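Dropping target-v7.txt in here (compact mmCIF, C-alpha atoms):
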# COMPACT_ATOMS: atom_id res chain seq x y z
CA MET M 1 91.94 -4.13 91.46
CA LYS M 2 93.92 -6.90 93.09
CA TYR M 3 93.78 -10.66 92.94
CA SER M 4 91.47 -12.45 95.39
CA PRO M 5 92.85 -12.82 98.98
CA LEU M 6 94.00 -16.45 98.63
CA ILE M 7 95.83 -15.75 95.35
CA THR M 8 97.42 -12.57 96.77
CA GLU M 9 98.63 -14.50 99.81
CA LEU M 10 100.00 -17.28 97.55
CA ILE M 11 101.95 -14.79 95.41
CA GLU M 12 103.28 -12.96 98.49
CA SER M 13 104.38 -16.24 100.08
CA PHE M 14 106.34 -17.29 97.01
CA LYS M 15 108.61 -14.27 97.51
CA CYS M 16 110.30 -16.07 100.44
CA LEU M 17 112.11 -18.28 97.90
CA PRO M 18 115.62 -17.17 96.90
CA GLY M 19 115.73 -15.37 93.55
CA VAL M 20 111.95 -15.06 93.32
CA GLY M 21 110.54 -11.54 92.92
CA ALA M 22 107.06 -10.21 92.21
CA LYS M 23 106.86 -11.37 88.57
CA SER M 24 108.30 -14.86 89.15
CA ALA M 25 106.05 -15.33 92.18
CA GLN M 26 103.00 -14.47 90.06
CA ARG M 27 104.17 -16.81 87.29
CA MET M 28 104.67 -19.68 89.75
CA ALA M 29 101.28 -19.15 91.41
CA PHE M 30 99.36 -19.15 88.13
CA HIS M 31 101.38 -22.01 86.67
CA LEU M 32 100.39 -24.19 89.63
CA LEU M 33 96.75 -23.02 89.69
CA GLU M 34 96.32 -23.60 85.96
CA ARG M 35 98.42 -26.67 85.32
CA ASN M 36 99.71 -28.54 88.31
CA ARG M 37 97.48 -28.56 91.39
CA PRO M 38 98.51 -32.11 92.43
CA GLY M 39 102.19 -31.08 92.22
CA ALA M 40 101.47 -28.00 94.33
CA LEU M 41 99.73 -30.07 97.00
CA ARG M 42 102.68 -32.47 97.01
CA LEU M 43 105.10 -29.54 97.43
CA SER M 44 102.91 -28.05 100.18
CA ASN M 45 102.98 -31.33 102.13
CA ALA M 46 106.73 -31.88 101.52
CA MET M 47 107.52 -28.37 102.78
CA HIS M 48 105.32 -28.80 105.84
CA ASP M 49 106.88 -32.17 106.77
CA ALA M 50 110.46 -31.04 106.15
CA MET M 51 110.12 -27.79 108.11
CA GLU M 52 108.50 -29.59 111.04
CA HIS M 53 110.79 -32.62 111.24
CA VAL M 54 114.22 -31.88 109.72
CA LYS M 55 116.82 -31.00 112.35
CA HIS M 56 120.57 -31.31 112.71
CA CYS M 57 122.47 -34.61 113.06
CA ALA M 58 123.67 -34.79 116.67
CA GLN M 59 127.15 -35.79 115.56
CA CYS M 60 127.97 -33.99 112.29
CA ARG M 61 125.34 -31.20 112.24
CA THR M 62 124.08 -31.91 108.71
CA PHE M 63 120.33 -31.77 108.07
CA THR M 64 118.43 -34.97 108.81
CA GLU M 65 115.11 -36.00 110.32
CA SER M 66 116.78 -38.80 112.35
CA GLU M 67 118.90 -38.43 115.46
CA LEU M 68 122.02 -39.29 113.43
CA CYS M 69 122.45 -38.96 109.65
CA GLY M 70 123.08 -41.83 107.22
CA ILE M 71 126.86 -41.27 107.13
CA CYS M 72 127.28 -41.02 110.91
CA THR M 73 125.38 -44.29 111.45
CA SER M 74 127.37 -46.21 108.79
CA PRO M 75 129.74 -48.73 110.52
CA ALA M 76 132.34 -48.44 107.73
CA ARG M 77 132.45 -44.68 108.18
CA GLN M 78 132.78 -44.96 111.92
CA GLN M 79 135.96 -47.05 111.52
CA ALA M 80 137.59 -44.41 109.32
CA GLN M 81 139.69 -42.18 111.54
CA ILE M 82 139.54 -39.21 109.20
CA LEU M 83 137.15 -36.25 109.42
CA CYS M 84 136.27 -33.75 106.69
CA VAL M 85 135.04 -30.30 107.77
CA VAL M 86 132.71 -28.55 105.28
CA GLU M 87 130.56 -25.42 105.35
CA SER M 88 127.22 -26.82 104.17
CA PRO M 89 125.28 -30.09 103.66
CA GLN M 90 125.44 -29.53 99.88
CA ASP M 91 129.25 -29.75 100.10
CA ILE M 92 128.92 -33.30 101.48
CA ILE M 93 126.95 -34.35 98.40
CA ALA M 94 129.53 -32.76 96.08
CA ILE M 95 132.38 -34.61 97.85
CA GLU M 96 130.45 -37.91 97.99
CA GLN M 97 129.91 -37.74 94.23
CA THR M 98 133.68 -37.93 93.69
CA SER M 99 133.93 -41.20 95.75
CA GLU M 100 137.36 -39.89 96.87
CA PHE M 101 136.57 -39.74 100.55
CA SER M 102 135.15 -42.43 102.84
CA GLY M 103 135.58 -40.87 106.27
CA GLN M 104 133.24 -38.89 108.46
CA TYR M 105 132.05 -35.30 108.08
CA PHE M 106 131.47 -32.26 110.22
CA VAL M 107 129.20 -29.51 108.86
CA LEU M 108 129.80 -25.97 110.14
CA MET M 109 126.53 -24.64 108.61
CA GLY M 110 128.41 -21.43 107.75
CA HIS M 111 131.80 -19.91 108.43
CA LEU M 112 133.39 -17.63 111.01
CA SER M 113 132.27 -14.06 110.42
CA PRO M 114 132.74 -11.89 113.53
CA ILE M 115 131.25 -8.85 111.77
CA ASP M 116 127.94 -10.74 111.46
CA GLY M 117 128.17 -12.05 115.02
CA ILE M 118 129.09 -15.57 113.89
CA GLY M 119 131.74 -16.86 116.29
CA PRO M 120 133.13 -20.35 117.04
CA SER M 121 130.08 -21.57 118.97
CA GLU M 122 127.65 -20.47 116.21
CA ILE M 123 129.37 -22.82 113.75
CA GLY M 124 129.50 -25.67 116.28
CA LEU M 125 133.22 -25.61 117.06
CA ASP M 126 132.46 -26.55 120.69
CA ILE M 127 130.84 -29.77 119.40
CA LEU M 128 133.82 -30.32 117.08
CA ALA M 129 136.32 -29.80 119.95
CA LYS M 130 134.46 -32.40 122.03
CA ARG M 131 134.57 -34.81 119.12
CA LEU M 132 138.30 -34.28 118.60
CA THR M 133 138.85 -35.04 122.31
CA ASP M 134 136.54 -38.07 122.58
CA SER M 135 137.05 -39.93 119.30
CA THR M 136 140.00 -41.62 117.63
CA ILE M 137 140.23 -39.22 114.70
CA GLN M 138 143.78 -38.94 113.34
CA GLU M 139 143.41 -36.45 110.51
CA VAL M 140 141.08 -33.51 109.83
CA ILE M 141 140.66 -32.36 106.22
CA LEU M 142 139.64 -28.71 106.04
CA ALA M 143 137.31 -28.39 103.03
CA THR M 144 135.81 -24.95 103.70
CA ASN M 145 135.32 -22.68 100.70
CA PRO M 146 138.41 -20.85 99.35
CA THR M 147 137.01 -17.44 100.36
CA VAL M 148 138.44 -15.04 102.93
CA GLU M 149 136.01 -16.29 105.60
CA GLY M 150 136.50 -19.91 104.59
CA GLU M 151 140.30 -19.58 104.85
CA ALA M 152 140.04 -17.87 108.26
CA THR M 153 137.73 -20.63 109.48
CA ALA M 154 140.12 -23.32 108.20
CA HIS M 155 143.04 -21.58 109.93
CA TYR M 156 141.12 -21.41 113.22
CA ILE M 157 140.15 -25.10 113.11
CA GLY M 158 143.72 -26.01 112.09
CA GLN M 159 144.96 -24.43 115.32
CA MET M 160 142.31 -26.31 117.31
CA CYS M 161 143.57 -29.56 115.77
CA SER M 162 147.22 -28.84 116.65
CA GLN M 163 146.14 -28.19 120.26
CA HIS M 164 144.60 -31.67 120.26
CA GLY M 165 147.69 -33.14 118.59
CA ILE M 166 145.70 -34.09 115.49
CA LYS M 167 147.03 -33.69 111.95
CA ALA M 168 145.12 -31.08 109.89
CA SER M 169 145.26 -30.66 106.11
CA ARG M 170 143.71 -28.18 103.69
CA ILE M 171 142.28 -29.19 100.28
CA ALA M 172 144.48 -28.11 97.36
CA HIS M 173 143.87 -24.84 95.53
CA GLY M 174 144.92 -24.55 91.91
CA VAL M 175 143.81 -24.53 88.29
CA PRO M 176 140.47 -26.39 87.92
CA VAL M 177 140.54 -29.38 85.56
CA GLY M 178 139.40 -28.25 82.10
CA GLY M 179 140.26 -24.62 82.88
CA GLU M 180 142.54 -22.45 80.75
CA LEU M 181 145.52 -20.72 82.36
CA GLU M 182 144.75 -17.54 80.41
CA TYR M 183 141.48 -17.04 82.27
CA ILE M 184 142.56 -18.07 85.79
CA ASP M 185 142.93 -15.27 88.36
CA GLY M 186 146.37 -14.44 89.71
CA SER M 187 145.72 -15.61 93.25
CA THR M 188 144.67 -19.08 92.06
CA LEU M 189 147.70 -19.28 89.75
CA SER M 190 150.02 -18.39 92.67
CA HIS M 191 148.46 -21.24 94.66
CA ALA M 192 148.91 -23.56 91.67
CA PHE M 193 152.63 -22.74 91.50
CA SER M 194 153.36 -22.88 95.22
CA GLY M 195 151.43 -26.15 95.51
CA ARG M 196 153.19 -27.85 92.53
CA ARG M 197 154.02 -31.54 92.81
CA GLU M 198 156.82 -33.61 91.33
CA ILE M 199 155.70 -36.00 88.58
CA MET P 200 124.94 -41.06 99.51
CA LYS P 201 121.72 -39.11 99.18
CA TYR P 202 119.90 -36.61 101.35
CA SER P 203 117.51 -37.92 103.98
CA PRO P 204 114.04 -38.95 102.66
CA LEU P 205 112.21 -35.76 103.73
CA ILE P 206 114.86 -33.51 102.16
CA THR P 207 114.94 -35.60 98.95
CA GLU P 208 111.14 -35.36 98.69
CA LEU P 209 111.29 -31.58 99.28
CA ILE P 210 113.90 -31.08 96.54
CA GLU P 211 111.96 -33.31 94.11
CA SER P 212 108.71 -31.45 94.81
CA PHE P 213 110.28 -28.06 94.08
CA LYS P 214 110.89 -29.19 90.50
CA CYS P 215 107.17 -28.74 89.76
CA LEU P 216 107.73 -24.96 89.76
CA PRO P 217 108.32 -23.36 86.34
CA GLY P 218 111.99 -22.66 85.61
CA VAL P 219 113.22 -24.68 88.60
CA GLY P 220 115.66 -27.52 87.89
CA ALA P 221 117.73 -29.79 90.14
CA LYS P 222 120.19 -27.12 91.32
CA SER P 223 117.61 -24.39 91.97
CA ALA P 224 115.38 -26.87 93.78
CA GLN P 225 118.26 -27.83 96.07
CA ARG P 226 119.11 -24.17 96.67
CA MET P 227 115.49 -23.35 97.56
CA ALA P 228 115.16 -26.33 99.91
CA PHE P 229 118.33 -25.50 101.86
CA HIS P 230 117.60 -21.78 101.91
CA LEU P 231 114.25 -22.44 103.59
CA LEU P 232 115.62 -25.09 105.98
CA GLU P 233 118.51 -22.87 107.06
CA ARG P 234 117.01 -19.42 107.06
CA ASN P 235 113.27 -19.18 106.69
CA ARG P 236 111.22 -21.98 108.22
CA PRO P 237 108.32 -19.66 109.18
CA GLY P 238 108.19 -18.36 105.57
CA ALA P 239 108.18 -21.93 104.28
CA LEU P 240 105.30 -22.92 106.56
CA ARG P 241 103.39 -19.83 105.42
CA LEU P 242 103.99 -20.77 101.77
CA SER P 243 102.96 -24.36 102.48
CA ASN P 244 99.66 -23.22 103.99
CA ALA P 245 99.04 -20.62 101.26
CA MET P 246 99.58 -23.25 98.55
CA HIS P 247 97.32 -25.75 100.27
CA ASP P 248 94.49 -23.22 100.74
CA ALA P 249 94.78 -21.80 97.22
CA MET P 250 94.87 -25.22 95.50
CA GLU P 251 91.86 -26.43 97.52
CA HIS P 252 89.65 -23.35 97.27
CA VAL P 253 90.50 -21.26 94.19
CA LYS P 254 88.18 -21.92 91.27
CA HIS P 255 86.84 -19.99 88.29
CA CYS P 256 84.47 -17.00 88.51
CA ALA P 257 81.07 -18.20 87.24
CA GLN P 258 80.71 -15.13 85.03
CA CYS P 259 84.17 -14.13 83.72
CA ARG P 260 86.18 -17.35 84.34
CA THR P 261 89.07 -15.63 86.14
CA PHE P 262 90.54 -17.30 89.24
CA THR P 263 88.74 -16.56 92.52
CA GLU P 264 87.71 -18.41 95.65
CA SER P 265 84.24 -16.77 95.59
CA GLU P 266 81.34 -17.61 93.29
CA LEU P 267 81.89 -14.32 91.42
CA CYS P 268 85.13 -12.28 91.30
CA GLY P 269 85.58 -8.73 92.63
CA ILE P 270 85.08 -7.09 89.23
CA CYS P 271 81.97 -9.09 88.31
CA THR P 272 80.29 -8.18 91.64
CA SER P 273 81.10 -4.44 91.36
CA PRO P 274 77.85 -2.48 90.63
CA ALA P 275 79.77 0.19 88.63
CA ARG P 276 81.26 -2.50 86.39
CA GLN P 277 77.89 -4.16 85.87
CA GLN P 278 76.47 -0.92 84.46
CA ALA P 279 79.27 -0.64 81.91
CA GLN P 280 78.07 -2.19 78.67
CA ILE P 281 81.54 -3.00 77.41
CA LEU P 282 83.37 -6.33 77.69
CA CYS P 283 87.09 -6.97 77.33
CA VAL P 284 88.19 -10.50 76.31
CA VAL P 285 91.67 -11.53 77.54
CA GLU P 286 93.65 -14.77 77.56
CA SER P 287 94.70 -14.93 81.22
CA PRO P 288 93.94 -13.48 84.68
CA GLN P 289 97.34 -11.75 84.66
CA ASP P 290 96.18 -9.74 81.61
CA ILE P 291 93.32 -8.29 83.70
CA ILE P 292 95.83 -6.95 86.26
CA ALA P 293 97.98 -5.43 83.48
CA ILE P 294 94.93 -3.68 81.98
CA GLU P 295 93.60 -2.56 85.37
CA GLN P 296 96.95 -0.93 86.15
CA THR P 297 96.48 1.44 83.20
CA SER P 298 93.07 2.65 84.59
CA GLU P 299 92.02 2.95 80.92
CA PHE P 300 89.17 0.48 81.08
CA SER P 301 86.25 0.29 83.49
CA GLY P 302 84.05 -2.37 81.90
CA GLN P 303 83.74 -6.08 82.49
CA TYR P 304 86.10 -8.87 81.51
CA PHE P 305 85.97 -12.33 80.08
CA VAL P 306 88.98 -14.62 80.57
CA LEU P 307 89.54 -17.36 77.97
CA MET P 308 92.23 -19.13 80.11
CA GLY P 309 94.12 -19.82 76.88
CA HIS P 310 93.53 -19.44 73.15
CA LEU P 311 92.13 -21.51 70.28
CA SER P 312 94.69 -24.13 69.30
CA PRO P 313 93.05 -27.00 67.38
CA ILE P 314 96.37 -28.86 67.09
CA ASP P 315 96.44 -29.17 70.93
CA GLY P 316 92.75 -30.08 71.07
CA ILE P 317 91.73 -26.65 72.37
CA GLY P 318 88.49 -25.72 70.65
CA PRO P 319 85.81 -23.07 71.35
CA SER P 320 84.27 -24.88 74.34
CA GLU P 321 87.68 -25.39 76.05
CA ILE P 322 88.18 -21.60 76.19
CA GLY P 323 84.61 -21.01 77.40
CA LEU P 324 83.16 -19.54 74.21
CA ASP P 325 79.83 -21.26 74.95
CA ILE P 326 79.66 -19.26 78.21
CA LEU P 327 80.65 -16.10 76.31
CA ALA P 328 77.95 -16.70 73.67
CA LYS P 329 75.32 -17.06 76.40
CA ARG P 330 76.56 -13.83 77.99
CA LEU P 331 76.38 -11.96 74.67
CA THR P 332 72.78 -13.15 74.24
CA ASP P 333 71.55 -12.47 77.78
CA SER P 334 73.26 -9.22 78.76
CA THR P 335 73.15 -5.67 77.46
CA ILE P 336 76.77 -5.56 76.25
CA GLN P 337 77.24 -3.20 73.32
CA GLU P 338 80.95 -3.54 72.56
CA VAL P 339 83.50 -6.33 72.89
CA ILE P 340 87.20 -5.37 72.99
CA LEU P 341 89.39 -8.24 71.83
CA ALA P 342 92.60 -8.04 73.89
CA THR P 343 94.07 -11.46 73.15
CA ASN P 344 97.84 -11.62 72.62
CA PRO P 345 99.18 -10.50 69.22
CA THR P 346 100.34 -14.06 68.37
CA VAL P 347 99.05 -16.28 65.57
CA GLU P 348 96.75 -18.16 67.98
CA GLY P 349 95.67 -14.94 69.71
CA GLU P 350 94.78 -13.33 66.37
CA ALA P 351 92.84 -16.42 65.26
CA THR P 352 90.96 -16.44 68.57
CA ALA P 353 90.17 -12.72 68.23
CA HIS P 354 88.93 -13.29 64.66
CA TYR P 355 86.68 -16.16 65.80
CA ILE P 356 85.17 -14.16 68.66
CA GLY P 357 84.76 -11.15 66.32
CA GLN P 358 82.57 -13.30 64.07
CA MET P 359 80.54 -14.49 67.08
CA CYS P 360 79.92 -10.84 67.99
CA SER P 361 78.74 -9.91 64.52
CA GLN P 362 76.27 -12.83 64.64
CA HIS P 363 74.88 -11.32 67.85
CA GLY P 364 74.84 -7.83 66.31
CA ILE P 365 77.43 -6.57 68.81
CA LYS P 366 80.30 -4.26 67.88
CA ALA P 367 83.76 -5.87 68.22
CA SER P 368 87.10 -4.06 68.27
CA ARG P 369 90.72 -5.20 68.44
CA ILE P 370 93.39 -3.46 70.55
CA ALA P 371 95.88 -1.48 68.45
CA HIS P 372 99.18 -3.00 67.36
CA GLY P 373 102.14 -0.73 66.74
CA VAL P 374 105.40 0.62 68.05
CA PRO P 375 105.56 0.32 71.87
CA VAL P 376 106.05 3.62 73.75
CA GLY P 377 109.76 4.11 74.43
CA GLY P 378 110.70 1.69 71.63
CA GLU P 379 113.05 2.57 68.78
CA LEU P 380 111.92 2.12 65.19
CA GLU P 381 115.29 0.62 64.26
CA TYR P 382 114.71 -2.40 66.47
CA ILE P 383 111.01 -3.01 65.76
CA ASP P 384 110.16 -6.05 63.62
CA GLY P 385 108.65 -5.54 60.17
CA SER P 386 105.26 -6.98 60.99
CA THR P 387 104.77 -4.58 63.91
CA LEU P 388 105.93 -1.63 61.77
CA SER P 389 103.42 -2.60 59.05
CA HIS P 390 100.65 -2.55 61.68
CA ALA P 391 101.93 0.82 62.95
CA PHE P 392 101.64 2.31 59.45
CA SER P 393 98.30 0.78 58.51
CA GLY P 394 96.87 1.80 61.90
CA ARG P 395 98.12 5.44 61.70
CA ARG P 396 95.86 8.18 63.04
CA GLU P 397 95.44 11.80 62.05
CA ILE P 398 96.83 14.27 64.59

Could you spell out this file's structure in structure tokens?
Amino acid sequence: MKYSPLITELIESFKCLPGVGAKSAQRMAFHLLERNRPGALRLSNAMHDAMEHVKHCAQCRTFTESELCGICTSPARQQAQILCVVESPQDIIAIEQTSEFSGQYFVLMGHLSPIDGIGPSEIGLDILAKRLTDSTIQEVILATNPTVEGEATAHYIGQMCSQHGIKASRIAHGVPVGGELEYIDGSTLSHAFSGRREI
Amino acid sequence: MKYSPLITELIESFKCLPGVGAKSAQRMAFHLLERNRPGALRLSNAMHDAMEHVKHCAQCRTFTESELCGICTSPARQQAQILCVVESPQDIIAIEQTSEFSGQYFVLMGHLSPIDGIGPSEIGLDILAKRLTDSTIQEVILATNPTVEGEATAHYIGQMCSQHGIKASRIAHGVPVGGELEYIDGSTLSHAFSGRREI
């Protein structure tokens, strides 16, 4: 015996969410059916609207339902002649929460990964090159993740910048604040030493 | 800076799912936007249809979009004069997977819990009483969970059965197959000893 067709379809559909398997999908389906039908209808509508209308910002490639995102349309941001390159829209939020940066962004939506067929045009580097040529940007901060692919991507964009005569910098790697030296991996510690600053 | 309105609404809506907080909701939203828009639209439709159309089976109270569920409409099941009382629709699936039982079911959709205002009529015991009076059921198996509330509910329904002159039985409690005695709690071990069977 199986569940009725609508319930089976609901449980199957839940498996498209990351980290949700058969048991979690079943738990979610019954939780909503038993306890939160209005919430489920709200989620259903929100998903439908977002999937239909959210696209990429024409300038920075982050997700937005408008032609340009909130940061790209901000006059104060437009005056800043500094651009931060990140891998994902979530990275923008993390950086904005520090209030350290008030320039513009460019979102790669991934990183270079030739083995997966992800080359420069897949991560929008043609759009970035055009922007480096057309605008008055004077510095590019490379804030890709400190992984092998992230480093390779940063290196590639760094070379693009030098071709355009634009200064490129990489975010610092080192011991995270609150961390303990004893538990930091060797590669990070090496970075922390080579990147030391006079006090 | 925040996400655009549609994305903010999507992330907020995901928090209605059990076990999903701010970070998971964000991860789910971006996973779907980046990688699985067709899956998200399918889930959106499945949720909408299920929330609008799934109701309770008129006879056993499990979830179904029909008037009666698949088990209640099965002629073979109708001939069986044995009824199994469970707390949730998921319990039916667990029991069906054992192929041990081929009678009918009754789903309480919860358990007696006076402190939360859940009395006999909230768990459908008026419907069950009517069914015990009208039908030819000869035995009721009480398969509520082995918790304090589940035991109290089983005891209550057991008394209802004896008033109707119907035999009631409780599923066995004991050491789970594959378990090790060393790690079993005392209460379960007591049940295992008192419920011992001659071999």

d(CA of Leu83 (chain M), CA of Ile137 (chain M)) in Å:
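Interatomic distance, CA of Leu83 (chain M) to CA of Ile137 (chain M): 6.8 Å.
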
Considering all atoms listed in the file, tabulate each residue of chain M that lies at most 8 Å from chain P along with its nearest interatomic pair and the corresponding distance in Å to one decimal; arrange the rows by chain and ascending residue number and present them as a Markdown table.
| residue | atom | partner | partner_atom | distance |
| --- | --- | --- | --- | --- |
| M:Met1 | CA | P:Glu295 | CA | 6.5 |
| M:Lys2 | CA | P:Ile292 | CA | 7.1 |
| M:Tyr3 | CA | P:Thr263 | CA | 7.8 |
| M:Ser4 | CA | P:Thr263 | CA | 5.7 |
| M:Leu6 | CA | P:Ala249 | CA | 5.6 |
| M:Ile7 | CA | P:Ala249 | CA | 6.4 |
| M:Glu9 | CA | P:Ala245 | CA | 6.3 |
| M:Leu10 | CA | P:Ala245 | CA | 5.1 |
| M:Ser13 | CA | P:Leu242 | CA | 4.9 |
| M:Phe14 | CA | P:Leu242 | CA | 6.3 |
| M:Cys16 | CA | P:Gly238 | CA | 6.0 |
| M:Leu17 | CA | P:Met227 | CA | 6.1 |
| M:Pro18 | CA | P:Met227 | CA | 6.2 |
| M:Arg27 | CA | P:Pro217 | CA | 7.8 |
| M:Met28 | CA | P:Leu216 | CA | 6.1 |
| M:His31 | CA | P:Pro217 | CA | 7.1 |
| M:Leu32 | CA | P:Leu216 | CA | 7.4 |
| M:Leu33 | CA | P:Met250 | CA | 6.5 |
| M:Asn36 | CA | P:Cys215 | CA | 7.6 |
| M:Arg37 | CA | P:Met250 | CA | 5.9 |
| M:Gly39 | CA | P:Cys215 | CA | 6.0 |
| M:Ala40 | CA | P:Met246 | CA | 6.6 |
| M:Leu41 | CA | P:His247 | CA | 5.9 |
| M:Arg42 | CA | P:Ser212 | CA | 6.5 |
| M:Leu43 | CA | P:Ser212 | CA | 4.9 |
| M:Ser44 | CA | P:Ser243 | CA | 4.3 |
| M:Asn45 | CA | P:Ser243 | CA | 7.0 |
| M:Ala46 | CA | P:Leu209 | CA | 5.1 |
| M:Met47 | CA | P:Leu209 | CA | 6.1 |
| M:His48 | CA | P:Leu240 | CA | 5.9 |
| M:Asp49 | CA | P:Leu205 | CA | 7.1 |
| M:Ala50 | CA | P:Leu205 | CA | 5.6 |
| M:Met51 | CA | P:Arg236 | CA | 5.9 |
| M:Val54 | CA | P:Leu205 | CA | 7.4 |
| M:Phe63 | CA | P:Ser203 | CA | 7.9 |
| M:Thr64 | CA | P:Ser203 | CA | 5.7 |
| M:Glu65 | CA | P:Ser203 | CA | 7.0 |
| M:Cys69 | CA | P:Ser203 | CA | 7.6 |
| M:Gly70 | CA | P:Ser203 | CA | 7.5 |
| M:Ile71 | CA | P:Met200 | CA | 7.9 |
| M:Ile93 | CA | P:Met200 | CA | 7.1 |
| M:Glu96 | CA | P:Met200 | CA | 6.5 |
| M:Gln97 | CA | P:Met200 | CA | 8.0 |

What lies within 6 Å of Cys283 (chain P) using all atoms listed in the file, ignoring chain neighbours under 2 positions off, as a PyMOL selection string?
chain P and resi 304+339-340

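Atom to atom, CA of Ile123 (chain M) and CA of Gly110 (chain M) stand 6.2 Å apart.
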
One decimal, in Å: what's the spacing between CA of Glu122 (chain M) and CA of Ile166 (chain M)?
22.6 Å

Region 112-129 of chain M, all listed atoms, 8 Å padding on each side: what axis-aligned box centre and edge lengths in Å to one decimal come out, as JSON?
{"center_x": 132.0, "center_y": -19.6, "center_z": 115.6, "size_x": 24.7, "size_y": 37.5, "size_z": 26.3}

If you count all atoms listed in the file, which residues fall within 12 Å of region 160-164 of chain M, apart from same-chain ones fewer than 6 positions away, as a ChimeraX atom specification?
/M:83,85,120,125-126,128-142,153-154

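Within 8 Å of the point (139.6, -39.3, 102.2) in file coordinates, and counting only C-alpha atoms, lie the residues Ile82, Cys84, Glu100, Phe101, Ser102 and Gly103 of chain M.
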
Kindly write N, CA, C and O atoms of region 216-227 of chain P from the structure just given to a file, as a PDB file, in the first residue's frame.
ATOM      1  N   LEU P 216       8.849  24.915   7.161  1.00  0.00           N
ATOM      2  CA  LEU P 216       9.154  23.480   7.131  1.00  0.00           C
ATOM      3  C   LEU P 216       9.808  23.060   8.451  1.00  0.00           C
ATOM      4  O   LEU P 216      10.577  23.826   9.021  1.00  0.00           O
ATOM      5  N   PRO P 217       9.530  21.838   8.921  1.00  0.00           N
ATOM      6  CA  PRO P 217      10.111  21.403  10.197  1.00  0.00           C
ATOM      7  C   PRO P 217      11.624  21.247  10.066  1.00  0.00           C
ATOM      8  O   PRO P 217      12.117  20.691   9.085  1.00  0.00           O
ATOM      9  N   GLY P 218      12.356  21.755  11.051  1.00  0.00           N
ATOM     10  CA  GLY P 218      13.813  21.601  11.058  1.00  0.00           C
ATOM     11  C   GLY P 218      14.532  22.545  10.121  1.00  0.00           C
ATOM     12  O   GLY P 218      15.724  22.378   9.882  1.00  0.00           O
ATOM     13  N   VAL P 219      13.834  23.536   9.567  1.00  0.00           N
ATOM     14  CA  VAL P 219      14.466  24.476   8.646  1.00  0.00           C
ATOM     15  C   VAL P 219      14.543  25.855   9.303  1.00  0.00           C
ATOM     16  O   VAL P 219      13.521  26.446   9.620  1.00  0.00           O
ATOM     17  N   GLY P 220      15.770  26.333   9.533  1.00  0.00           N
ATOM     18  CA  GLY P 220      15.979  27.660  10.107  1.00  0.00           C
ATOM     19  C   GLY P 220      16.440  28.629   9.041  1.00  0.00           C
ATOM     20  O   GLY P 220      16.321  28.349   7.847  1.00  0.00           O
ATOM     21  N   ALA P 221      16.989  29.777   9.478  1.00  0.00           N
ATOM     22  CA  ALA P 221      17.360  30.837   8.535  1.00  0.00           C
ATOM     23  C   ALA P 221      18.384  30.366   7.502  1.00  0.00           C
ATOM     24  O   ALA P 221      18.227  30.603   6.300  1.00  0.00           O
ATOM     25  N   LYS P 222      19.434  29.677   7.958  1.00  0.00           N
ATOM     26  CA  LYS P 222      20.505  29.275   7.039  1.00  0.00           C
ATOM     27  C   LYS P 222      20.045  28.212   6.052  1.00  0.00           C
ATOM     28  O   LYS P 222      20.347  28.278   4.858  1.00  0.00           O
ATOM     29  N   SER P 223      19.311  27.202   6.550  1.00  0.00           N
ATOM     30  CA  SER P 223      18.824  26.145   5.646  1.00  0.00           C
ATOM     31  C   SER P 223      17.853  26.727   4.638  1.00  0.00           C
ATOM     32  O   SER P 223      17.845  26.335   3.469  1.00  0.00           O
ATOM     33  N   ALA P 224      17.003  27.648   5.101  1.00  0.00           N
ATOM     34  CA  ALA P 224      16.012  28.243   4.203  1.00  0.00           C
ATOM     35  C   ALA P 224      16.724  28.978   3.066  1.00  0.00           C
ATOM     36  O   ALA P 224      16.346  28.854   1.898  1.00  0.00           O
ATOM     37  N   GLN P 225      17.775  29.708   3.413  1.00  0.00           N
ATOM     38  CA  GLN P 225      18.541  30.432   2.398  1.00  0.00           C
ATOM     39  C   GLN P 225      19.186  29.452   1.419  1.00  0.00           C
ATOM     40  O   GLN P 225      19.140  29.636   0.197  1.00  0.00           O
ATOM     41  N   ARG P 226      19.752  28.375   1.977  1.00  0.00           N
ATOM     42  CA  ARG P 226      20.415  27.369   1.136  1.00  0.00           C
ATOM     43  C   ARG P 226      19.408  26.747   0.162  1.00  0.00           C
ATOM     44  O   ARG P 226      19.685  26.580  -1.024  1.00  0.00           O
ATOM     45  N   MET P 227      18.217  26.402   0.674  1.00  0.00           N
ATOM     46  CA  MET P 227      17.196  25.794  -0.184  1.00  0.00           C
ATOM     47  C   MET P 227      16.779  26.753  -1.297  1.00  0.00           C
ATOM     48  O   MET P 227      16.667  26.365  -2.459  1.00  0.00           O
TER      49      MET P 227
END
